[in-house]
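Chemist: Input run.txt, format and content: compact mmCIF, C-alpha atoms.
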# COMPACT_ATOMS: atom_id res chain seq x y z
CA ARG A 1 102.85 102.23 71.98
CA GLU A 2 102.29 105.84 73.05
CA ARG A 3 98.55 105.60 72.32
CA ARG A 4 98.33 102.35 74.35
CA SER A 5 100.16 103.96 77.27
CA MET A 6 97.81 106.97 77.24
CA ALA A 7 94.74 104.73 77.11
CA THR A 8 95.96 102.57 80.00
CA ALA A 9 96.85 105.63 82.07
CA GLY A 10 93.31 106.92 81.51
CA MET A 11 91.88 103.57 82.67
CA LEU A 12 93.99 103.76 85.83
CA ARG A 13 92.56 107.19 86.63
CA THR A 14 89.02 105.97 85.98
CA VAL A 15 89.39 102.92 88.25
CA ALA A 16 91.05 104.92 91.02
CA ALA A 17 88.29 107.54 90.88
CA ARG A 18 85.43 105.03 90.88
CA PRO A 19 83.26 105.55 94.01
CA LEU A 20 83.56 102.98 96.76
CA ARG A 21 80.71 100.50 97.15
CA PRO A 22 79.28 101.06 100.66
CA LEU A 23 78.80 98.22 103.07
CA ALA A 24 75.20 97.09 103.31
CA ALA A 25 73.99 98.50 106.61
CA GLY A 26 71.55 95.66 107.24
CA ALA A 27 74.18 92.92 106.85
CA ALA A 28 77.18 94.61 108.47
CA ARG A 29 77.89 93.75 112.11
CA ARG A 30 80.00 95.52 114.69
CA CYS A 31 83.05 93.54 115.78
CA ALA A 32 84.01 95.05 119.12
CA ALA A 33 85.10 91.64 120.46
CA LEU A 34 86.98 90.60 117.33
CA HIS A 35 90.62 91.56 117.70
CA SER A 36 92.38 89.37 115.14
CA VAL A 37 91.95 87.42 111.92
CA ALA A 38 91.61 84.28 114.07
CA ASP A 39 88.67 85.88 115.92
CA LEU A 40 87.11 86.88 112.60
CA CYS A 41 87.53 83.33 111.28
CA ASP A 42 85.78 81.95 114.36
CA GLU A 43 82.87 84.28 113.61
CA TYR A 44 82.68 84.08 109.82
CA VAL A 45 84.28 80.74 108.86
CA GLY A 46 84.02 78.21 111.67
CA ASP A 47 86.58 75.42 111.84
CA GLY A 48 89.04 74.28 109.20
CA ARG A 49 86.81 71.41 108.13
CA ALA A 50 83.99 73.82 107.26
CA LEU A 51 86.41 75.78 105.11
CA GLN A 52 87.69 72.63 103.37
CA ARG A 53 84.13 71.57 102.58
CA GLY A 54 83.32 75.01 101.16
CA GLU A 55 80.78 75.56 103.92
CA PRO A 56 81.97 78.60 105.92
CA ARG A 57 79.48 80.28 108.22
CA CYS A 58 79.51 83.32 105.98
CA LYS A 59 78.90 82.46 102.33
CA GLY A 60 81.83 83.64 100.25
CA ALA A 61 84.35 83.80 103.11
CA GLN A 62 87.87 82.81 102.01
CA VAL A 63 91.15 82.34 103.89
CA LEU A 64 94.77 82.62 102.79
CA PRO A 65 96.85 81.23 105.68
CA ALA A 66 100.38 82.35 106.49
CA ALA A 67 101.65 78.95 105.36
CA PRO A 68 102.82 77.26 102.15
CA PRO A 69 102.23 77.05 99.25
CA VAL A 70 101.66 80.83 99.07
CA GLN A 71 103.22 82.09 102.29
CA LEU A 72 103.12 85.87 102.52
CA ARG A 73 105.45 87.57 105.00
CA ASP A 74 104.90 90.85 106.86
CA PHE A 75 107.16 93.79 106.03
CA GLY A 76 105.19 96.95 106.80
CA GLY A 77 104.94 98.89 110.04
CA ARG A 78 101.35 97.70 110.45
CA ARG A 79 101.10 93.96 111.01
CA ALA A 80 97.30 94.03 111.18
CA PHE A 81 95.14 95.92 108.69
CA SER A 82 91.79 95.76 106.93
CA GLY A 83 89.78 97.52 104.27
CA LEU A 84 87.92 97.26 100.99
CA ILE A 85 89.93 95.68 98.18
CA GLN A 86 91.34 97.37 95.10
CA THR A 87 93.37 95.27 92.66
CA VAL A 88 96.18 95.44 90.13
CA ALA A 89 97.64 92.67 87.96
CA CYS A 90 101.21 93.30 86.79
CA PHE A 91 104.29 91.18 86.09
CA GLU A 92 107.74 92.42 87.07
CA SER A 93 106.67 96.01 86.30
CA ASN A 94 105.09 98.41 88.78
CA PRO A 95 103.69 101.61 87.14
CA ALA A 96 100.14 100.48 87.99
CA VAL A 97 101.11 100.01 91.66
CA HIS A 98 102.59 103.51 91.72
CA ALA A 99 99.50 104.96 90.02
CA MET A 100 97.07 103.34 92.42
CA LEU A 101 98.93 104.30 95.59
CA SER A 102 99.24 107.88 94.35
CA GLU A 103 95.44 108.17 94.56
CA PRO A 104 93.42 108.61 97.80
CA GLY A 105 93.21 105.21 99.48
CA GLU A 106 90.33 105.93 101.85
CA GLY A 107 91.36 102.99 104.01
CA ARG A 108 91.47 100.46 101.17
CA VAL A 109 93.87 97.56 100.66
CA LEU A 110 95.65 97.18 97.31
CA VAL A 111 96.05 93.56 96.23
CA VAL A 112 98.77 93.09 93.61
CA ASP A 113 99.11 89.90 91.57
CA GLY A 114 102.68 89.83 90.31
CA GLY A 115 102.36 86.25 89.12
CA GLY A 116 104.38 85.05 92.10
CA SER A 117 107.61 86.29 90.52
CA THR A 118 110.54 86.76 92.90
CA ARG A 119 112.87 88.21 90.25
CA THR A 120 112.18 91.92 90.85
CA ALA A 121 110.51 94.08 93.49
CA LEU A 122 107.08 95.61 92.86
CA LEU A 123 107.09 97.87 95.95
CA GLY A 124 109.79 99.89 97.68
CA ASP A 125 109.92 102.39 100.51
CA MET A 126 109.10 105.51 98.46
CA ILE A 127 105.93 104.10 96.89
CA ALA A 128 104.92 102.55 100.23
CA GLN A 129 105.33 105.87 102.02
CA MET A 130 103.23 107.56 99.35
CA GLY A 131 100.52 104.96 99.89
CA ALA A 132 100.56 105.51 103.64
CA ASP A 133 100.42 109.28 103.19
CA ASN A 134 97.43 108.88 100.85
CA GLY A 135 95.44 106.83 103.34
CA TRP A 136 95.87 103.26 102.11
CA ALA A 137 95.61 100.63 104.86
CA GLY A 138 97.86 98.03 103.25
CA VAL A 139 99.29 96.30 100.20
CA VAL A 140 99.20 92.53 99.58
CA ILE A 141 101.65 91.40 96.91
CA HIS A 142 101.80 88.05 95.15
CA GLY A 143 105.40 88.92 94.40
CA VAL A 144 108.22 90.63 96.26
CA CYS A 145 109.15 94.01 97.72
CA ARG A 146 112.41 95.73 98.70
CA ASP A 147 113.75 98.24 101.27
CA ALA A 148 112.65 95.94 104.08
CA PRO A 149 114.18 97.96 106.97
CA ALA A 150 112.48 101.14 105.75
CA LEU A 151 109.13 99.42 105.13
CA ALA A 152 109.08 98.32 108.76
CA GLN A 153 109.00 101.99 109.79
CA ILE A 154 106.07 102.98 107.54
CA ASN A 155 102.48 103.02 108.82
CA LEU A 156 101.25 100.66 106.12
CA GLY A 157 100.51 96.97 106.05
CA VAL A 158 102.73 95.17 103.54
CA LYS A 159 102.52 91.45 102.83
CA ALA A 160 104.71 89.87 100.15
CA LEU A 161 106.43 86.59 99.30
CA GLY A 162 109.83 88.02 100.16
CA CYS A 163 112.36 90.65 99.12
CA HIS A 164 114.54 91.38 96.11
CA PRO A 165 116.94 94.34 96.11
CA CYS A 166 116.38 95.20 92.42
CA LYS A 167 113.56 97.50 91.30
CA SER A 168 111.13 96.51 88.54
CA HIS A 169 111.12 97.72 84.95
CA LYS A 170 108.43 100.17 83.82
CA ASP A 171 107.45 98.72 80.44
CA ASP A 172 104.15 97.07 81.39
CA LEU A 173 101.40 99.34 82.72
CA GLY A 174 99.45 96.40 84.16
CA ALA A 175 95.71 95.87 84.56
CA PRO A 176 93.89 97.71 87.37
CA GLY A 177 90.54 96.77 88.85
CA VAL A 178 90.49 93.14 87.71
CA VAL A 179 89.51 89.98 89.60
CA LEU A 180 92.63 88.21 90.90
CA SER A 181 93.17 84.66 92.10
CA PHE A 182 96.17 83.18 93.92
CA GLY A 183 96.70 80.88 96.87
CA GLY A 184 93.23 79.44 96.34
CA VAL A 185 91.60 82.80 97.11
CA THR A 186 89.76 85.14 94.73
CA PHE A 187 90.20 88.87 95.31
CA ARG A 188 87.44 91.06 93.86
CA PRO A 189 87.48 94.86 93.90
CA GLY A 190 85.02 96.07 96.53
CA ASP A 191 85.20 92.97 98.75
CA TRP A 192 86.70 93.27 102.24
CA LEU A 193 90.04 91.98 103.50
CA ALA A 194 91.52 91.60 106.97
CA ALA A 195 95.14 90.59 107.51
CA ASP A 196 97.53 89.95 110.37
CA GLU A 197 100.35 87.52 111.23
CA ASP A 198 98.02 84.50 110.96
CA GLY A 199 96.98 85.19 107.38
CA ILE A 200 94.23 86.87 105.37
CA LEU A 201 90.44 86.66 105.52
CA VAL A 202 88.36 87.87 102.57
CA LEU A 203 84.63 88.55 102.92
CA PRO A 204 81.99 89.82 100.51
CA ALA A 205 81.54 93.54 101.15
CA ASP A 206 77.94 93.18 102.32
CA ALA A 207 79.04 90.73 105.04
CA ALA A 208 82.01 92.71 106.34
CA PRO A 209 82.03 93.95 109.93
CA GLN A 210 81.74 97.65 110.63
CA GLY A 211 82.98 99.61 113.58
CA GLU A 212 86.32 100.09 115.29
CA GLY A 213 86.68 96.70 116.95
CA PHE A 214 89.07 94.94 114.59
CA ARG A 215 92.56 96.09 115.53
CA GLY A 216 93.59 96.19 111.90
CA GLY A 217 91.06 98.86 110.94
CA VAL A 218 91.98 102.31 109.70
CA GLY A 219 93.68 104.28 112.42
CA ALA A 220 94.87 101.19 114.30
Could I get this file's structure written as C-alpha cells?
Modeler:
Amino acid sequence: RERRSMATAGMLRTVAARPLRPLAAGAARRCAALHSVADLCDEYVGDGRALQRGEPRCKGAQVLPAAPPVQLRDFGGRRAFSGLIQTVACFESNPAVHAMLSEPGEGRVLVVDGGGSTRTALLGDMIAQMGADNGWAGVVIHGVCRDAPALAQINLGVKALGCHPCKSHKDDLGAPGVVLSFGGVTFRPGDWLAADEDGILVLPADAAPQGEGFRGGVGA
C-alpha cells in the first residue's frame, strides 16, 4: 500500500508539472464582445437544435446547462470563470484534489469527477483558499463541497451538486489527468472551459477565445 501511495503521489507531481498546451494562435479569436457563457454559445454553438443534432458552429463544442439531470450550483466568490482544464477522478476521497490545488494553477480550471456522490464533501474552504492563492480560476465538482458561507468569500469559481458538512476520507489517492465524462459532456485535460450562472461551455483548446473580453477570465 505504501509503494502504491508513493507511485500515485509521483504521478500527481508529474501531471501537475506538465507544461500547458498553448492555444493555437491562428485559430484563437479575441472575444471583446462576449461577456457571458450565453454570448459564447451564440458564437461557438448556435441554437439548441444545432447542439442536439451534434452540429455546433465550432466542432467539438459542448454544453453542460445549469439544469437537471446534472445541475451544478455556484458556491465560490467568482460566479464566472474560464481557463484550460485539468482533471481528477476520485470517489469520496480528496487527496488528489488537495494535491492539484497545491500546485500553480496558472489560470486553469480543475474538473473533479466524484461519481456524483453526495455522501461526503470533496472541497472545503481551506483547500479552496489554497487553490485561489495558487492561481486557479475555478473548480467544477461532480460531487459536493462544504463550508458554503466561507466559499462565497473566496476568489475562486466553485461549481458542485450541493453541500455536505462532512469531510471526505483520505484512503483513495484518485486518478489525475484523465478524460472525464458526466452530464453528457467530456472533459479533456488541455481543453478550455467557461462557466457562469447559465452553465458550462467546453471548447477544444485550439478553438478557445483569447484576450480579456470574457468576464470570467483570469483577473475578472
Chemist: Find the residues around Pro68 in chain A up to 12 Å (all atoms listed in the file counted), leave out those fewer than 3 positions away in its own chain, and share them as number ranges by chain.
Modeler: A: 64-65, 71-73, 161, 183-184, 199
Chemist: Given all atoms listed in the file as the basis, pick out the residue of A:Ala175, A:Leu193, A:Val37, A:Val109 nearest to Ala132 in chain A.
Modeler: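 Using all atoms listed in the file, Ala132 in chain A sits closest to A:Val109.
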Chemist: Excluding Asp113 in chain A and residues on its chain fewer than 6 positions from it, collect all residues at most 12 Å away from it, counting only C-alpha atoms, and give them as a PyMOL selection string.
Modeler: chain A and resi 86-94+96-97+122+139-144+159-161+174-183+185-188
Chemist: Pick the closest to Lys170 in chain A from A:Pro95, A:Arg57, A:His35, A:Leu84: which is it, counting all atoms listed in the file?
Modeler: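 Of A:Pro95, A:Arg57, A:His35, A:Leu84, the one nearest Lys170 in chain A is A:Pro95, counting all atoms listed in the file.
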Chemist: Show me, as number ranges by chain, the residues that have an atom within 9 Å of Met130 in chain A when counting all atoms listed in the file, minus same-chain residues fewer than 6 positions from it.
Modeler: A: 98, 101-102, 136
Chemist: Kindly indicate which residue among A:Ala150, A:Val70, A:Gly107, A:Gly115 lies nearest to Asp133 in chain A, using only C-alpha atoms for the distances.
Modeler: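 Of the candidates, the smallest distance to Asp133 in chain A is held by A:Gly107.
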Chemist: For Ala205 in chain A, which of A:Cys58, A:Ala50, A:Cys166, A:Leu156 is the closest residue, counting all atoms listed in the file?
Modeler: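 Result for the nearest residue to Ala205 in chain A: A:Cys58.
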Chemist: Take every atom of range 128-132 of chain A listed in the file, pad by 5 Å on each side, and give me the axis-aligned box centre and edge lengths in Å, one decimal, as JSON.
Modeler:
{"center_x": 102.9, "center_y": 105.1, "center_z": 101.5, "size_x": 14.8, "size_y": 15.0, "size_z": 14.3}
Chemist: Go through A:Asp125, A:Glu103, A:Asp74, A:Asp196 one by one, measure the shortest atom-to-atom distance of each to Pro165 in chain A using all atoms listed in the file, and give the residue with the smallest value.
Modeler: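 Between A:Asp125, A:Glu103, A:Asp74, A:Asp196, the residue approaching Pro165 in chain A most closely is A:Asp125.
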